[in-house]
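Here's coords.csv, which has CSV, C-alpha atoms and all ligand atoms:
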```csv
chain,number,residue,atom,x,y,z
W,113,MET,CA,0.0,0.0,0.0
W,114,PRO,CA,1.5,3.4,-0.9
W,115,LYS,CA,2.5,5.5,2.0
W,116,ALA,CA,1.7,8.8,0.5
W,117,LYS,CA,1.4,11.3,3.4
W,118,SER,CA,1.2,15.1,3.4
W,119,LYS,CA,4.5,17.0,2.8
W,120,SER,CA,3.9,19.8,5.2
W,121,LYS,CA,2.1,19.6,8.5
W,122,LYS,CA,1.0,23.1,8.6
W,123,THR,CA,-1.0,23.0,5.4
W,124,VAL,CA,-3.0,19.9,6.4
W,125,LEU,CA,-6.7,20.8,6.2
W,126,PHE,CA,-8.2,17.3,6.7
W,127,ASP,CA,-6.8,14.4,8.5
W,128,ARG,CA,-8.9,11.8,6.8
W,129,VAL,CA,-10.7,12.3,3.5
W,130,ALA,CA,-13.1,9.7,2.1
W,131,PHE,CA,-13.9,9.6,-1.6
W,132,ILE,CA,-17.1,7.8,-2.6
W,133,GLY,CA,-16.2,7.2,-6.3
W,134,ILE,CA,-12.6,7.5,-7.4
W,135,GLY,CA,-12.8,8.2,-11.1
W,136,LEU,CA,-11.5,11.1,-13.2
W,137,ILE,CA,-12.7,13.8,-10.7
W,138,GLY,CA,-12.2,11.9,-7.4
W,139,ALA,CA,-8.7,10.7,-8.3
W,140,SER,CA,-7.7,14.2,-9.6
W,141,MET,CA,-8.9,15.8,-6.4
W,142,ALA,CA,-7.1,13.2,-4.2
W,143,LEU,CA,-3.9,13.9,-6.2
W,144,ALA,CA,-4.3,17.7,-6.1
W,145,MET,CA,-4.9,17.5,-2.3
W,146,ARG,CA,-1.7,15.4,-1.9
W,147,ARG,CA,0.2,17.9,-4.1
W,148,ALA,CA,-0.8,20.7,-1.8
W,149,GLY,CA,-0.3,18.6,1.4
W,150,LEU,CA,-3.9,19.1,2.4
W,151,VAL,CA,-4.6,15.5,3.6
W,152,ARG,CA,-3.0,12.8,5.7
W,153,THR,CA,-5.1,9.7,4.7
W,154,VAL,CA,-7.2,9.2,1.6
W,155,VAL,CA,-9.8,6.4,1.7
W,156,ALA,CA,-11.4,5.5,-1.7
W,157,CYS,CA,-14.7,3.7,-2.1
W,158,ALA,CA,-15.7,2.1,-5.4
W,159,ARG,CA,-17.8,-1.0,-6.4
W,160,ARG,CA,-15.3,-2.8,-8.6
W,161,PRO,CA,-12.1,-4.4,-7.4
W,162,LYS,CA,-10.4,-3.1,-10.6
W,163,THR,CA,-11.1,0.5,-9.6
W,164,ARG,CA,-10.0,0.0,-6.0
W,165,LYS,CA,-6.8,-1.7,-7.1
W,166,ALA,CA,-6.0,1.1,-9.5
W,167,ALA,CA,-6.6,3.7,-6.7
W,168,LEU,CA,-4.0,1.9,-4.5
W,169,ASP,CA,-1.5,1.1,-7.2
W,170,LEU,CA,-1.4,4.6,-8.5
W,171,GLY,CA,-0.9,6.1,-5.0
W,172,ILE,CA,-4.2,7.9,-5.1
W,173,ALA,CA,-5.6,6.3,-1.9
W,174,ASN,CA,-4.0,4.9,1.2
W,175,GLU,CA,-7.0,2.7,1.9
W,176,VAL,CA,-9.8,1.3,-0.3
W,177,THR,CA,-13.1,-0.4,0.4
W,178,LYS,CA,-16.4,-1.1,-1.2
W,179,ASP,CA,-18.2,-0.5,2.1
W,180,TYR,CA,-19.7,3.0,2.4
W,181,ALA,CA,-19.9,2.9,6.2
W,182,LYS,CA,-16.2,1.9,6.5
W,183,ALA,CA,-15.2,4.5,4.0
W,184,VAL,CA,-16.7,7.4,5.8
W,185,ALA,CA,-16.0,6.3,9.4
W,186,GLY,CA,-13.8,8.9,11.1
W,187,ALA,CA,-13.5,11.0,7.9
W,188,ASP,CA,-13.3,14.8,8.3
W,189,LEU,CA,-14.3,15.3,4.7
W,190,VAL,CA,-16.4,13.1,2.5
W,191,VAL,CA,-16.4,13.7,-1.2
W,192,ILE,CA,-19.2,12.2,-3.3
W,193,ALA,CA,-17.8,11.8,-6.8
W,194,THR,CA,-20.1,9.3,-8.5
W,195,PRO,CA,-22.7,9.9,-11.3
W,196,VAL,CA,-25.3,12.2,-10.0
W,197,SER,CA,-28.2,9.7,-10.1
W,198,THR,CA,-26.4,7.7,-7.4
W,199,ASN,CA,-25.9,10.6,-5.0
W,200,GLY,CA,-29.2,10.3,-3.0
W,201,ALA,CA,-28.8,6.6,-2.3
W,202,ILE,CA,-25.1,7.1,-1.3
W,203,ALA,CA,-26.1,10.0,1.1
W,204,LYS,CA,-28.7,7.7,2.7
W,205,ALA,CA,-26.2,4.9,3.1
W,206,ILE,CA,-23.5,7.0,4.7
W,207,ALA,CA,-25.7,9.2,6.9
W,208,ALA,CA,-25.6,7.2,10.1
W,209,HIS,CA,-21.8,6.7,9.9
W,210,LEU,CA,-20.7,10.3,9.4
W,211,LYS,CA,-18.4,11.8,12.0
W,212,PRO,CA,-20.1,14.7,13.9
W,213,GLY,CA,-18.6,18.0,12.6
W,214,ALA,CA,-17.6,16.3,9.3
W,215,ILE,CA,-18.0,18.1,5.9
W,216,VAL,CA,-19.8,16.4,3.0
W,217,THR,CA,-19.2,17.8,-0.4
W,218,ASP,CA,-19.9,16.6,-4.0
W,219,VAL,CA,-18.7,17.4,-7.5
W,220,GLY,CA,-21.9,16.8,-9.5
W,221,SER,CA,-22.4,18.6,-12.7
W,222,VAL,CA,-25.9,19.5,-11.8
W,223,LYS,CA,-26.6,21.1,-8.4
W,224,GLN,CA,-30.3,21.5,-7.6
W,225,ALA,CA,-31.1,17.8,-8.2
W,226,VAL,CA,-28.1,16.7,-6.2
W,227,ILE,CA,-29.1,19.0,-3.3
W,228,ASP,CA,-32.7,17.7,-3.4
W,229,ALA,CA,-31.4,14.1,-3.2
W,230,VAL,CA,-28.6,14.5,-0.7
W,231,ALA,CA,-29.5,17.3,1.7
W,232,PRO,CA,-32.4,15.5,3.4
W,233,HIS,CA,-30.1,12.7,4.5
W,234,ILE,CA,-27.3,14.9,6.0
W,235,PRO,CA,-27.6,14.6,9.8
W,236,LYS,CA,-27.5,17.6,12.2
W,237,GLY,CA,-23.9,18.6,13.0
W,238,VAL,CA,-22.6,17.5,9.6
W,239,HIS,CA,-22.1,20.2,7.0
W,240,PHE,CA,-23.1,19.8,3.4
W,241,VAL,CA,-21.2,22.0,0.9
W,242,PRO,CA,-22.3,21.2,-2.7
W,243,GLY,CA,-19.7,21.9,-5.3
W,244,HIS,CA,-18.8,21.5,-9.0
W,245,PRO,CA,-15.4,21.8,-10.5
W,246,ILE,CA,-15.6,23.2,-14.0
W,247,ALA,CA,-12.8,21.0,-15.3
W,248,GLY,CA,-12.7,17.6,-16.9
W,249,THR,CA,-11.8,15.5,-19.8
W,250,GLU,CA,-13.6,12.9,-21.9
W,251,HIS,CA,-11.8,10.1,-20.0
W,252,SER,CA,-13.1,8.1,-17.0
W,253,GLY,CA,-11.7,6.1,-14.1
W,254,PRO,CA,-8.8,6.6,-11.6
W,255,GLU,CA,-6.2,6.0,-14.3
W,256,SER,CA,-7.3,9.3,-16.0
W,257,GLY,CA,-6.9,11.4,-12.9
W,258,PHE,CA,-4.1,14.0,-12.6
W,259,ALA,CA,-3.2,16.6,-10.0
W,260,GLU,CA,-3.2,19.6,-12.4
W,261,LEU,CA,-6.8,19.1,-13.7
W,262,PHE,CA,-8.1,22.0,-11.6
W,263,ASP,CA,-5.3,24.5,-12.0
W,264,ASN,CA,-6.7,27.9,-12.9
W,265,ARG,CA,-10.1,26.4,-13.5
W,266,TRP,CA,-13.3,27.5,-11.7
W,267,THR,CA,-15.0,25.5,-9.0
W,268,ILE,CA,-18.6,26.7,-8.2
W,269,LEU,CA,-19.9,26.1,-4.7
W,270,THR,CA,-23.7,26.3,-4.2
W,271,PRO,CA,-24.2,26.3,-0.4
W,272,LEU,CA,-27.7,26.1,1.1
W,273,PRO,CA,-28.8,29.1,3.1
W,274,ARG,CA,-28.4,27.0,6.3
W,275,THR,CA,-24.9,25.8,5.4
W,276,SER,CA,-22.2,26.8,7.9
W,277,PRO,CA,-20.1,29.7,6.5
W,278,LYS,CA,-17.1,28.2,8.2
W,279,ALA,CA,-17.6,24.9,6.4
W,280,VAL,CA,-18.0,26.7,3.0
W,281,ALA,CA,-14.9,28.8,3.7
W,282,LYS,CA,-12.9,25.6,4.4
W,283,VAL,CA,-14.0,23.9,1.2
W,284,ALA,CA,-13.3,27.1,-0.8
W,285,ASP,CA,-9.8,27.2,0.8
W,286,MET,CA,-9.2,23.5,-0.1
W,287,TRP,CA,-10.1,24.2,-3.8
W,288,ARG,CA,-7.9,27.3,-3.9
W,289,LYS,CA,-5.0,25.3,-2.5
W,290,MET,CA,-5.7,22.6,-5.1
W,291,GLY,CA,-5.1,25.3,-7.8
W,292,ALA,CA,-8.7,26.3,-8.6
W,293,LYS,CA,-10.5,29.6,-8.5
W,294,VAL,CA,-13.7,29.6,-6.5
W,295,ASP,CA,-17.1,31.2,-7.0
W,296,THR,CA,-20.4,30.7,-5.1
W,297,MET,CA,-23.9,30.9,-6.6
W,298,LYS,CA,-27.4,29.7,-6.2
W,299,PRO,CA,-28.0,26.1,-7.4
W,300,ASP,CA,-30.7,27.0,-10.0
W,301,HIS,CA,-28.5,29.7,-11.4
W,302,HIS,CA,-25.6,27.2,-11.7
W,303,ASP,CA,-27.8,24.8,-13.5
W,304,MET,CA,-28.9,27.4,-16.1
W,305,VAL,CA,-25.3,28.6,-16.7
W,306,LEU,CA,-24.0,25.1,-17.1
W,307,ALA,CA,-27.0,24.2,-19.4
W,308,ILE,CA,-25.6,26.8,-21.8
W,309,THR,CA,-21.8,26.4,-21.3
W,310,SER,CA,-21.6,22.6,-21.0
W,311,HIS,CA,-24.8,20.7,-21.5
W,312,LEU,CA,-26.0,22.2,-24.8
W,313,PRO,CA,-22.5,21.9,-26.4
W,314,HIS,CA,-22.4,18.2,-25.3
W,315,LEU,CA,-25.9,17.6,-26.7
W,316,CYS,CA,-24.9,19.2,-30.0
W,317,ALA,CA,-21.7,17.1,-30.2
W,318,TYR,CA,-23.7,13.9,-29.4
W,319,THR,CA,-26.2,14.8,-32.1
W,320,VAL,CA,-23.6,15.8,-34.8
W,321,VAL,CA,-21.7,12.6,-34.3
W,322,GLY,CA,-24.9,10.6,-34.1
W,323,THR,CA,-26.0,12.1,-37.5
W,324,ALA,CA,-22.7,11.2,-39.0
W,325,THR,CA,-22.9,7.7,-37.7
W,326,ASP,CA,-26.3,7.2,-39.3
W,327,LEU,CA,-24.9,8.2,-42.8
W,328,ALA,CA,-24.7,5.3,-45.1
W,329,GLY,CA,-21.7,3.6,-46.7
W,330,ASP,CA,-19.0,5.7,-48.4
W,331,LEU,CA,-20.1,8.9,-46.9
W,332,GLN,CA,-19.5,7.5,-43.4
W,333,GLN,CA,-16.0,6.3,-44.2
W,334,GLU,CA,-15.2,9.8,-45.6
W,335,VAL,CA,-16.4,11.5,-42.4
W,336,ILE,CA,-13.8,9.5,-40.4
W,337,LYS,CA,-11.1,10.0,-43.1
W,338,TYR,CA,-11.5,13.8,-43.3
W,339,SER,CA,-12.5,14.3,-39.6
W,340,ALA,CA,-9.8,17.0,-39.0
W,341,SER,CA,-12.1,19.6,-40.6
W,342,GLY,CA,-14.1,20.2,-37.5
W,343,PHE,CA,-15.8,16.8,-36.9
W,344,ARG,CA,-12.9,15.6,-34.8
W,345,ASP,CA,-13.5,18.2,-32.0
W,346,PHE,CA,-17.1,17.0,-31.8
W,347,THR,CA,-16.0,13.4,-31.5
W,348,ARG,CA,-13.8,14.3,-28.6
W,349,VAL,CA,-16.7,15.8,-26.7
W,350,ALA,CA,-19.1,13.1,-27.8
W,351,ALA,CA,-16.7,10.5,-26.3
W,352,SER,CA,-17.6,11.6,-22.8
W,353,ASP,CA,-18.9,9.1,-20.3
W,354,PRO,CA,-22.4,7.9,-21.4
W,355,VAL,CA,-23.7,7.2,-17.8
W,356,MET,CA,-22.5,10.6,-16.5
W,357,TRP,CA,-24.2,12.5,-19.4
W,358,ARG,CA,-27.4,10.5,-19.3
W,359,ASP,CA,-27.7,11.5,-15.6
W,360,ILE,CA,-26.9,15.2,-16.4
W,361,PHE,CA,-29.6,15.5,-19.0
W,362,LEU,CA,-32.2,13.8,-16.9
W,363,SER,CA,-31.4,15.7,-13.7
W,364,ASN,CA,-31.1,19.2,-15.4
W,365,ARG,CA,-34.1,18.6,-17.7
W,366,ASP,CA,-35.9,21.9,-17.2
W,367,ALA,CA,-32.8,24.2,-17.8
W,368,VAL,CA,-31.6,22.1,-20.7
W,369,LEU,CA,-35.1,22.1,-22.4
W,370,ASP,CA,-35.3,25.9,-21.9
W,371,ILE,CA,-31.9,26.5,-23.5
W,372,LEU,CA,-32.6,24.0,-26.3
W,373,GLN,CA,-35.8,25.9,-27.2
W,374,ARG,CA,-33.8,29.1,-27.6
W,375,PHE,CA,-31.1,27.2,-29.5
W,376,THR,CA,-33.5,25.6,-32.0
W,377,GLU,CA,-35.0,29.1,-32.7
W,378,ASP,CA,-31.5,30.5,-33.3
W,379,LEU,CA,-30.7,27.5,-35.5
W,380,ALA,CA,-33.8,28.1,-37.6
W,381,GLY,CA,-32.6,31.7,-37.9
W,382,MET,CA,-29.3,30.5,-39.3
W,383,GLN,CA,-31.1,28.2,-41.7
W,384,LYS,CA,-33.1,31.2,-42.9
W,385,HIS,CA,-30.0,33.3,-43.5
W,386,ILE,CA,-28.4,30.5,-45.5
W,387,ARG,CA,-31.6,29.8,-47.6
W,388,ARG,CA,-31.9,33.5,-48.3
W,389,GLY,CA,-28.2,33.9,-49.1
W,390,ASP,CA,-27.9,36.6,-46.4
W,391,GLY,CA,-24.1,36.7,-46.2
W,392,GLU,CA,-24.2,39.9,-44.1
W,393,ALA,CA,-26.2,38.3,-41.3
W,394,LEU,CA,-23.9,35.2,-41.3
W,395,GLU,CA,-20.8,37.3,-41.2
W,396,LYS,CA,-22.1,39.5,-38.4
W,397,MET,CA,-22.9,36.4,-36.3
W,398,PHE,CA,-19.5,34.7,-36.9
W,399,THR,CA,-17.7,38.0,-36.0
W,400,ARG,CA,-19.6,38.0,-32.7
W,401,THR,CA,-18.8,34.4,-31.9
W,402,ARG,CA,-15.1,34.9,-32.8
W,403,ALA,CA,-14.9,37.7,-30.2
W,404,ILE,CA,-16.3,35.2,-27.6
W,405,ARG,CA,-13.5,32.8,-28.3
W,406,ARG,CA,-10.9,35.6,-27.9
W,407,GLY,CA,-12.5,36.5,-24.6
W,408,ILE,CA,-12.1,32.9,-23.4
W,409,ILE,CA,-8.4,32.9,-24.4
W,410,GLU,CA,-7.8,36.2,-22.6
W,411,ALA,CA,-9.5,34.8,-19.5
W,412,LYS,CA,-7.0,31.9,-19.7
W,413,GLN,CA,-9.9,29.4,-19.9
W,414,ALA,CA,-9.1,28.1,-23.4
O,501,LIG,P1,-15.8,8.4,-13.5
O,501,LIG,O1,-14.5,8.6,-14.0
O,501,LIG,O2,-16.7,7.5,-14.3
O,501,LIG,O3,-15.8,7.9,-12.0
O,501,LIG,C1,-16.9,7.5,-11.3
O,501,LIG,C2,-16.4,6.7,-10.1
O,501,LIG,O4,-17.5,6.4,-9.2
O,501,LIG,C3,-15.7,5.4,-10.3
O,501,LIG,O5,-14.6,5.3,-9.4
O,501,LIG,C4,-16.8,4.3,-10.1
O,501,LIG,O6,-16.1,3.1,-9.8
O,501,LIG,C5,-17.5,5.0,-8.9
O,501,LIG,N1,-18.9,4.6,-8.7
O,501,LIG,C6,-19.9,4.7,-9.6
O,501,LIG,N2,-21.0,4.4,-9.1
O,501,LIG,C7,-20.8,4.1,-7.7
O,501,LIG,C8,-21.6,3.8,-6.6
O,501,LIG,N3,-22.9,3.6,-6.7
O,501,LIG,N4,-20.9,3.7,-5.4
O,501,LIG,C9,-19.6,3.8,-5.3
O,501,LIG,N5,-18.8,4.2,-6.3
O,501,LIG,C10,-19.4,4.3,-7.5
O,501,LIG,O7,-16.7,9.7,-13.4
O,501,LIG,P2,-16.2,11.2,-13.2
O,501,LIG,O8,-15.9,11.8,-14.5
O,501,LIG,O9,-15.1,11.3,-12.1
O,501,LIG,O10,-17.5,11.9,-12.6
O,501,LIG,C11,-17.9,11.8,-11.3
O,501,LIG,C12,-18.8,13.0,-11.0
O,501,LIG,O11,-18.1,14.2,-11.3
O,501,LIG,C13,-20.1,13.1,-11.8
O,501,LIG,O12,-21.2,13.4,-10.9
O,501,LIG,C14,-20.0,14.2,-12.8
O,501,LIG,O13,-21.2,14.9,-13.0
O,501,LIG,C15,-18.9,15.1,-12.1
O,501,LIG,N6,-18.1,15.9,-13.0
O,501,LIG,C16,-17.5,15.3,-14.0
O,501,LIG,C17,-16.7,16.0,-14.9
O,501,LIG,C18,-16.0,15.4,-16.1
O,501,LIG,O14,-15.6,16.1,-17.0
O,501,LIG,N7,-15.8,14.1,-16.1
O,501,LIG,C19,-16.4,17.4,-14.6
O,501,LIG,C20,-17.0,17.9,-13.4
O,501,LIG,C21,-17.8,17.2,-12.6
O,501,LIG,P3,-16.8,1.7,-9.8
O,501,LIG,O15,-17.5,1.6,-11.2
O,501,LIG,O16,-15.8,0.7,-9.6
O,501,LIG,O17,-17.8,1.8,-8.7
```
Let's see the structure in the file written out as structure tokens.
Ligand code: NAP
Amino acid sequence: MPKAKSKSKKTVLFDRVAFIGIGLIGASMALAMRRAGLVRTVVACARRPKTRKAALDLGIANEVTKDYAKAVAGADLVVIATPVSTNGAIAKAIAAHLKPGAIVTDVGSVKQAVIDAVAPHIPKGVHFVPGHPIAGTEHSGPESGFAELFDNRWTILTPLPRTSPKAVAKVADMWRKMGAKVDTMKPDHHDMVLAITSHLPHLCAYTVVGTATDLAGDLQQEVIKYSASGFRDFTRVAASDPVMWRDIFLSNRDAVLDILQRFTEDLAGMQKHIRRGDGEALEKMFTRTRAIRRGIIEAKQA
């Protein structure tokens, strides 16, 4: 078992951190915490022996278990890092075993649905600080985790009105020390912002790649052969984890449908410009979108 301990005593924020789910996000968090010396002992909980073995072999966790109760016993911080549809059942299963004064956080890409599912199970004296790191890749599992994932990326915290400000400050401090920038917002606002910036683009990518896959014969072969001309970027996004994205669309349904409605209206507008040969309208639109890309580069979020 790897003996990865914190480097510096004075930066330790949590003696024992339990990760329920140790995939891309959980593993990256554990590695980023170790890099900053924020934790003494990392416990990882996952269902499959293969996942648990990888977490140990890669030095991500000191201890592994498939037992939720064992994982959270004595933990100062519990991070739920599994697909969002599992979060409610996990909260229910760990509730009776949480240490008084512990902090529970999560990393779910949707916030209101996770809060609705998790918060009712959190016992008095335990602090729930919902969170979402806006960082990721199309890869899954502990092998894909890396300590730098959150560097200079935003993490959004969506505390409930009753959440202890001290617990929120501690989680924010942890994320900053892991390299991230931190913002707080209301959960429904988070869900609307992410519907535009993440969920709609993923839906477009899944659809574009799906349309190409449905093409018959030669045309499909050529799509793959000449993919460098734009299609390739869509395939990277559309390679994202199917279970995770199924859960995101089902649990952020209202915000996604709202944004999708606006998007289809705008798409119909583009269709009209092309049909009418309105080059001026197209150019105006593309000039505006180019400026957005420049803004993202300037904000160092490219
Ligand atoms: P991932 O790489 O697929 O990892 C999921 C982990 O959870 C695995 O270790 C899996 O191992 C474990 N797991 C799944 N169901 C479980 C259960 N019922 N009980 C215990 N462990 C379970 O997924 P991820 O990308 O890290 O995503 C995790 C969360 O982060 C999701 O809620 C997602 O919305 C959020 N998020 C993802 C990204 C991204 O880009 N990927 C970005 C920000 C936030 P076993 O299969 O062995 O159990």
Check your understanding: Quick one: of W:Leu168, W:Val283, W:Ala350, W:Ile206, who's nearest to W:Ser310, counting all atoms listed in the file?
Key -> W:Ala350
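Residue nearest ligand LIG 501 (chain O), chosen from W:Ala393, W:Ala158, W:Ala142, W:Leu125 and counting all atoms listed in the file: W:Ala158.
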Quick one: everything within 6 Å of stretch 248-253 of chain W, counting only C-alpha atoms, minus sequence neighbours fewer than 3 positions away in the same chain. Send it as a compact mmCIF listing (two decimals) with C-alpha atoms, keeping the file's coordinate frame.
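File written: out.txt
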```
# COMPACT_ATOMS: atom_id res chain seq x y z
CA GLY W 135 -12.80 8.20 -11.10
CA LEU W 136 -11.50 11.10 -13.20
CA SER W 256 -7.30 9.30 -16.00
CA ALA W 351 -16.70 10.50 -26.30
CA SER W 352 -17.60 11.60 -22.80
```
Please tabulate, as a tab-separated table, the residues of chain W that come within 8 Å of ligand LIG 501 (chain O), each with its closest pair of atoms and the distance in Å to one decimal, counting only C-alpha atoms and all ligand atoms and ordering rows by chain, then residue number upward.
```
residue	atom	partner	partner_atom	distance
W:Ile132	CA	O:LIG501	N5	5.4
W:Gly133	CA	O:LIG501	O4	3.3
W:Ile134	CA	O:LIG501	O5	3.6
W:Gly135	CA	O:LIG501	O3	3.1
W:Leu136	CA	O:LIG501	O9	3.8
W:Ile137	CA	O:LIG501	O9	3.7
W:Gly138	CA	O:LIG501	O9	5.6
W:Ala139	CA	O:LIG501	O9	7.5
W:Cys157	CA	O:LIG501	C9	5.9
W:Ala158	CA	O:LIG501	N5	3.9
W:Arg159	CA	O:LIG501	O17	3.6
W:Arg160	CA	O:LIG501	O16	3.7
W:Pro161	CA	O:LIG501	O16	6.7
W:Lys162	CA	O:LIG501	O16	6.7
W:Thr163	CA	O:LIG501	O16	4.7
W:Arg164	CA	O:LIG501	O16	6.9
W:Lys178	CA	O:LIG501	C9	7.1
W:Tyr180	CA	O:LIG501	C9	7.7
W:Ile192	CA	O:LIG501	C12	7.8
W:Ala193	CA	O:LIG501	C12	4.5
W:Thr194	CA	O:LIG501	O4	4.0
W:Pro195	CA	O:LIG501	O12	3.8
W:Val196	CA	O:LIG501	O12	4.4
W:Ser197	CA	O:LIG501	O12	8.0
W:Thr198	CA	O:LIG501	N3	5.4
W:Asn199	CA	O:LIG501	N3	7.8
W:Ala201	CA	O:LIG501	N3	7.9
W:Ile202	CA	O:LIG501	N4	6.8
W:Asp218	CA	O:LIG501	O12	7.7
W:Val219	CA	O:LIG501	O11	5.0
W:Gly220	CA	O:LIG501	O12	3.7
W:Ser221	CA	O:LIG501	O13	3.9
W:Val222	CA	O:LIG501	O13	6.7
W:His244	CA	O:LIG501	C21	5.7
W:Pro245	CA	O:LIG501	C20	5.1
W:Ile246	CA	O:LIG501	C20	5.5
W:Ala247	CA	O:LIG501	C19	5.1
W:Gly248	CA	O:LIG501	O14	3.3
W:Thr249	CA	O:LIG501	O14	4.8
W:Glu250	CA	O:LIG501	O14	6.2
W:His251	CA	O:LIG501	O1	6.7
W:Ser252	CA	O:LIG501	O1	3.3
W:Gly253	CA	O:LIG501	O1	3.8
W:Pro254	CA	O:LIG501	O5	6.3
W:Ser256	CA	O:LIG501	O1	7.5
W:Ser352	CA	O:LIG501	N7	7.4
W:Asp353	CA	O:LIG501	O2	6.6
W:Val355	CA	O:LIG501	O2	7.8
W:Met356	CA	O:LIG501	O13	5.7
W:Trp357	CA	O:LIG501	O13	7.5
W:Asp359	CA	O:LIG501	O13	7.8
W:Ile360	CA	O:LIG501	O13	6.6
```
Check your understanding: Of the residues W:Leu315, W:Leu269, W:Met286, W:Val230, which is the one nearest to W:Pro354, using only C-alpha atoms?
Key ->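 The shortest atom-to-atom distance to W:Pro354 comes from W:Leu315.
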Using all atoms listed in the file, which residues sit within 12 Å of W:Val238 once same-chain residues fewer than 6 positions away are excluded, as a compact mmCIF listing (two decimals) with C-alpha atoms, in the frame of the given file?
```
# COMPACT_ATOMS: atom_id res chain seq x y z
CA ALA W 187 -13.50 11.00 7.90
CA ASP W 188 -13.30 14.80 8.30
CA LEU W 189 -14.30 15.30 4.70
CA VAL W 190 -16.40 13.10 2.50
CA ALA W 203 -26.10 10.00 1.10
CA ILE W 206 -23.50 7.00 4.70
CA ALA W 207 -25.70 9.20 6.90
CA ALA W 208 -25.60 7.20 10.10
CA HIS W 209 -21.80 6.70 9.90
CA LEU W 210 -20.70 10.30 9.40
CA LYS W 211 -18.40 11.80 12.00
CA PRO W 212 -20.10 14.70 13.90
CA GLY W 213 -18.60 18.00 12.60
CA ALA W 214 -17.60 16.30 9.30
CA ILE W 215 -18.00 18.10 5.90
CA VAL W 216 -19.80 16.40 3.00
CA THR W 217 -19.20 17.80 -0.40
CA ALA W 231 -29.50 17.30 1.70
CA PRO W 232 -32.40 15.50 3.40
CA ARG W 274 -28.40 27.00 6.30
CA THR W 275 -24.90 25.80 5.40
CA SER W 276 -22.20 26.80 7.90
CA ALA W 279 -17.60 24.90 6.40
```
Review point. Between W:Met304, W:Cys316, W:Val226, W:Val184, which one has atoms that come closest to W:Ala156, using all atoms listed in the file?
Key: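 Selected residue with least distance to W:Ala156: W:Val184.
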Check your understanding: Could you list as an NGL selection string every residue that has an atom within 12 Å of (-31.1, 27.0, -7.7), using the file's coordinates and counting all atoms listed in the file?
Key -> :W and (222-228 or 242 or 269-273 or 296-306 or 364 or 366-367)
Check your understanding: By how many Å are atom CA of W:Arg152 and atom CA of W:Asp127 apart?
Key ->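 Between atom CA of W:Arg152 and atom CA of W:Asp127 the gap works out to 5.0 Å.
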Check your understanding: What separation in Å, quoted to one decimal, exists between atom CA of W:Arg402 and atom CA of W:Ile336?
Key -> 26.5 Å
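Minimum atom-to-atom distances from W:Val280, W:Leu379, W:Ala130, W:Leu150 to W:Ala173 were compared using all atoms listed in the file, and the lowest value belongs to W:Ala130.
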Review point. Using only C-alpha atoms, which of the listed residues (W:Thr153, W:Ser341, W:Asn264, W:Thr123) sits closest to W:Gln413?
Key: W:Asn264
Review point. Any idea what the distance is between atom CA of W:Lys289 and atom CA of W:Phe262?
Key: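 So the two atoms, atom CA of W:Lys289 and atom CA of W:Phe262, lie 10.2 Å apart.
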